[in-house]
Amino acid sequence: MSTSGSVAAVETNDADQWTRAEAANITLTNDTTAPLIEENSESISDDYWIWDTWPLRNRDGSIVKINGWQIVFSLTAPDDLVPGARHNEATIRYFYSRDGQSWQEGGQAFEAPLGHHQWAGSAMYDQDEEQIYHFYTAVSSFPEFRQRPALAIGSSIETGPQGVELTGEQEHVIMGTPDGELYQTLEQSREQGIVYAFRDPWYFQHPETGEDLVVFEANTPTGSKDPGNPQSFNGNIGVMRATNDELTEWELLPPVLEAIGTNQQLERPHFVFNDGKWYLFTISHKFTFAPGLEGPDGLYGFVSDSMYGDYEPLNEGGLVIANPEEAPFQAYSWLAMPHGDNALVESFENFRGLDDTSRGSISLDEVGYLPPEEQKELFGGTLAPSLKLQLDGAETRIVAEFNDGHFLPSGGSSGKGPKQSR
């Protein structure tokens with residue numbers, strides 16, 4: 001496989017594979033296990049559940065700070081809903097902070113977004129144009145859940161002593177749809193009977209060519225219609241490239257990584273560039289691993305010398321961060337951001353206390369059968385403590401836990417100090 005830094009000849013490359021043999025090496029260690037969240041984090045919203053979250057970034061991937069303010073975006077839904085219903089009502093809202101950890105609620109990111117509801121994406125601020133390019137997933141209503149990466153262009157940022165406001169009209173465009181060859185369509189997935197994905201656009205500028213690109217979660221058509229066949233587990237990480245300067249037109253490129261026979265979902269893929277290396281991160285669930293394989297809900301990662309290079313799983317199997325065994329679903333949707341020579345990883349509080357309910361120990365599948373108020377008590381629905389991740393070639397290590405929902409510009413420092421070894 002070519003290790004050229006250019007994207008010009010990618011059509012000649014086959015996607016690299018996360019193989020079953022590699023995934024068989026997944027192991028929870030002290031270096032990959034997050035600390036137990038012992039206290040409920042204070043919610044950054046009085047009225048909404050908060051889950052997938054991403055910062056406003058510059059084209060080079062650094063976190064934007066305008067007149068002392070940072071901005072993050074989150075998937076939100078009214079907190080009078082039971083947690084499992086939030087996905088069907090998700091809207092994107094923004095929050096702002098001067099210190100990167102004490103967040104104030106702004107409002108909705110869009111006035112008239114595409115889709116019945118919206119799922120995760122990313123946001124880039126063009127300093128010259130002084131406007132936001134906001135990538136998101138436009139989703140149709142239940143039961144179809146057709147997913148289309150979308151882009152909203154045109155928001156401006158107004159700041160003052162007390163806060164931040166997003167202003168201006170936005171143009172919304174659909175970036176692309178599955179082609180049925182590189183990327184599985186919704187109709188193809190229905191024949192298969194397993195989870196479908198074409199979502200989570202994450203913008204980045206190629207560090208060598210300067211091209212505007214996004215990676216996203218998708219699936220590779222394999223022809224298998226048997227949900228018991230490992231070949232039906234066909235997650236991939238796809239790529240699109242902008243073909244005009246306005247970023248309103250995009251073309252599909254081949255995937256950079258496939259997990260055929262290994263895993264069905266490679267959610268929220270994103271890159272961190274460090275020491276000339278391409279660190280590719282993604283999140284995945286325990287239940288999306290193919291038959292015969294096991295892995296926890298966690299952050300997984302791979303490293304290569306180029307975008308279409310040979311990806312080596314981090315820590316041999318690919319596992320980078322997992323929840324502690326006593327709380328396997330305490331957090332989810334980890335996002336790694338550049339932090340000096342390392343990475344800062346944020347997530348949201350998911351379900352905790354499943355072993356300490358009034359009904360005794362329960363499984364995650366049983367939560368939806370509890371009374372609504374009990375479901376809400378078990379769900380965190382806000383930002384979880386952030387983690388500092390040391391990057392060392394193909395090895396990583398959790399070295400510190402930061403205050404809840406802590407976002408820091410690259411090179412910044414703060415936190416609770418080093419994680420204690422166990």
# chains A, B, ... in the order shown; residues from 1 in each chain; ligands from 1
call {"tool": "residues_around", "arguments": {"residues": "A:Tyr125", "least_positions_apart": "6", "cutoff": "8 Å", "atoms": "only C-alpha atoms", "output": "ChimeraX atom specification"}}
result
/A:56-59,64,131-133
call {"tool": "residues_around", "arguments": {"residues": "stretch 382-399 of chain A", "least_positions_apart": "2", "cutoff": "6 Å", "atoms": "only C-alpha atoms", "output": "PyMOL selection string"}}
result
chain A and resi 31+43+50+314-315+342-349+380+401-406+418-419
call {"tool": "select_by_dssp", "arguments": {"residues": "stretch 37-277 of chain A", "states": "helix (DSSP H, G or I)", "output": "short mmCIF file (atom, residue, chain, number, x, y, z; two decimals) with C-alpha atoms, in the first residue's frame"}}
result
data_model
loop_
_atom_site.label_atom_id
_atom_site.label_comp_id
_atom_site.auth_asym_id
_atom_site.auth_seq_id
_atom_site.Cartn_x
_atom_site.Cartn_y
_atom_site.Cartn_z
CA PRO A 83 -32.54 8.76 27.74
CA GLY A 84 -33.23 6.19 25.03
CA ALA A 85 -35.61 8.57 23.22
CA ARG A 86 -33.08 11.39 22.92
CA HIS A 87 -31.58 10.24 19.61
CA ASN A 88 -34.86 10.81 17.75
CA GLU A 89 -35.11 14.41 19.00
CA LEU A 186 -29.63 2.06 3.46
CA GLU A 187 -31.40 -0.34 1.11
CA GLN A 188 -28.39 -2.68 1.06
CA SER A 189 -28.22 -2.65 4.84
CA ARG A 190 -31.88 -3.64 5.12
CA GLU A 191 -31.10 -6.82 3.22
CA GLN A 192 -28.43 -7.50 5.80
CA PRO A 230 -18.83 -12.18 10.43
CA GLN A 231 -18.64 -10.74 6.88
CA SER A 232 -21.89 -8.90 7.63
#
call {"tool": "residues_around", "arguments": {"residues": "A:Thr159", "least_positions_apart": "5", "cutoff": "8 Å", "atoms": "only C-alpha atoms", "output": "ChimeraX atom specification"}}
result
/A:66-67,69,164-165
call {"tool": "closest_residue", "arguments": {"among": "A:Asn274, A:Asn219, A:Asn25, A:Ser141", "to": "A:Gly261", "atoms": "only C-alpha atoms"}}
result
A:Asn219
call {"tool": "decode", "arguments": {"residues": "stretch 228-242 of chain A", "atoms": "all heavy atoms", "output": "CSV table (one decimal), in the first residue's frame"}}
result
chain,number,residue,atom,x,y,z
A,228,GLY,N,-25.5,-13.5,11.0
A,228,GLY,CA,-24.7,-14.4,11.8
A,228,GLY,C,-23.3,-14.6,11.2
A,228,GLY,O,-22.4,-15.2,11.8
A,229,ASN,N,-23.1,-14.1,10.0
A,229,ASN,CA,-21.8,-14.2,9.3
A,229,ASN,C,-20.9,-13.1,9.6
A,229,ASN,O,-21.3,-11.9,9.5
A,229,ASN,CB,-22.1,-14.3,7.8
A,229,ASN,CG,-20.9,-14.5,7.0
A,229,ASN,OD1,-19.7,-14.3,7.4
A,229,ASN,ND2,-21.0,-14.8,5.7
A,230,PRO,N,-19.7,-13.3,10.1
A,230,PRO,CA,-18.8,-12.2,10.4
A,230,PRO,C,-18.7,-11.2,9.3
A,230,PRO,O,-18.4,-10.0,9.5
A,230,PRO,CB,-17.5,-12.9,10.8
A,230,PRO,CG,-17.9,-14.2,11.3
A,230,PRO,CD,-19.1,-14.6,10.5
A,231,GLN,N,-18.8,-11.6,8.0
A,231,GLN,CA,-18.6,-10.7,6.9
A,231,GLN,C,-19.7,-9.7,6.8
A,231,GLN,O,-19.6,-8.7,6.2
A,231,GLN,CB,-18.7,-11.5,5.6
A,231,GLN,CG,-17.4,-12.4,5.4
A,231,GLN,CD,-16.2,-11.5,5.2
A,231,GLN,OE1,-15.3,-11.4,6.1
A,231,GLN,NE2,-16.0,-10.9,4.1
A,232,SER,N,-20.8,-9.9,7.6
A,232,SER,CA,-21.9,-8.9,7.6
A,232,SER,C,-21.5,-7.7,8.5
A,232,SER,O,-22.2,-6.7,8.5
A,232,SER,CB,-23.2,-9.5,8.1
A,232,SER,OG,-23.7,-10.5,7.2
A,233,PHE,N,-20.5,-7.9,9.3
A,233,PHE,CA,-20.0,-6.8,10.2
A,233,PHE,C,-18.9,-6.1,9.4
A,233,PHE,O,-17.8,-6.6,9.2
A,233,PHE,CB,-19.4,-7.4,11.5
A,233,PHE,CG,-20.5,-8.0,12.4
A,233,PHE,CD1,-21.2,-9.1,12.1
A,233,PHE,CD2,-20.9,-7.3,13.5
A,233,PHE,CE1,-22.2,-9.6,12.9
A,233,PHE,CE2,-21.9,-7.8,14.4
A,233,PHE,CZ,-22.6,-9.0,14.0
A,234,ASN,N,-19.3,-4.9,8.9
A,234,ASN,CA,-18.5,-4.3,7.8
A,234,ASN,C,-18.3,-2.9,7.9
A,234,ASN,O,-18.3,-2.1,7.0
A,234,ASN,CB,-19.3,-4.6,6.5
A,234,ASN,CG,-20.7,-4.0,6.5
A,234,ASN,OD1,-21.2,-3.5,7.5
A,234,ASN,ND2,-21.4,-4.1,5.4
A,235,GLY,N,-18.0,-2.4,9.1
A,235,GLY,CA,-17.8,-1.0,9.4
A,235,GLY,C,-16.5,-0.5,8.6
A,235,GLY,O,-15.6,-1.2,8.4
A,236,ASN,N,-16.6,0.8,8.2
A,236,ASN,CA,-15.4,1.4,7.6
A,236,ASN,C,-15.4,2.9,8.0
A,236,ASN,O,-16.3,3.5,8.5
A,236,ASN,CB,-15.4,1.2,6.1
A,236,ASN,CG,-16.4,2.1,5.3
A,236,ASN,OD1,-16.7,3.2,5.6
A,236,ASN,ND2,-16.8,1.5,4.1
A,237,ILE,N,-14.2,3.5,7.7
A,237,ILE,CA,-14.0,4.9,7.9
A,237,ILE,C,-13.8,5.5,6.5
A,237,ILE,O,-12.8,5.3,5.9
A,237,ILE,CB,-12.9,5.2,8.8
A,237,ILE,CG1,-13.2,4.7,10.2
A,237,ILE,CG2,-12.5,6.7,8.9
A,237,ILE,CD1,-12.1,4.8,11.2
A,238,GLY,N,-14.8,6.3,6.0
A,238,GLY,CA,-14.8,6.9,4.7
A,238,GLY,C,-14.2,8.2,4.6
A,238,GLY,O,-13.9,8.9,5.7
A,239,VAL,N,-14.0,8.7,3.4
A,239,VAL,CA,-13.4,10.0,3.2
A,239,VAL,C,-14.1,10.8,2.1
A,239,VAL,O,-14.5,10.1,1.1
A,239,VAL,CB,-11.9,9.9,2.7
A,239,VAL,CG1,-11.2,11.3,2.7
A,239,VAL,CG2,-11.1,9.0,3.7
A,240,MET,N,-14.3,12.1,2.2
A,240,MET,CA,-14.8,12.9,1.2
A,240,MET,C,-13.8,14.1,1.0
A,240,MET,O,-13.1,14.5,2.0
A,240,MET,CB,-16.2,13.5,1.5
A,240,MET,CG,-17.3,12.6,1.5
A,240,MET,SD,-18.9,13.5,1.7
A,240,MET,CE,-20.0,12.2,2.1
A,241,ARG,N,-13.7,14.6,-0.2
A,241,ARG,CA,-12.8,15.7,-0.5
A,241,ARG,C,-13.6,16.8,-1.2
A,241,ARG,O,-14.4,16.6,-2.1
A,241,ARG,CB,-11.7,15.2,-1.5
A,241,ARG,CG,-10.8,16.4,-2.0
A,241,ARG,CD,-9.6,15.8,-2.8
A,241,ARG,NE,-10.0,14.9,-3.8
A,241,ARG,CZ,-9.2,14.1,-4.5
A,241,ARG,NH1,-7.9,14.1,-4.2
A,241,ARG,NH2,-9.6,13.3,-5.4
A,242,ALA,N,-13.4,18.1,-0.7
A,242,ALA,CA,-14.1,19.2,-1.3
A,242,ALA,C,-13.5,19.5,-2.7
A,242,ALA,O,-12.3,19.4,-2.9
A,242,ALA,CB,-13.9,20.5,-0.5
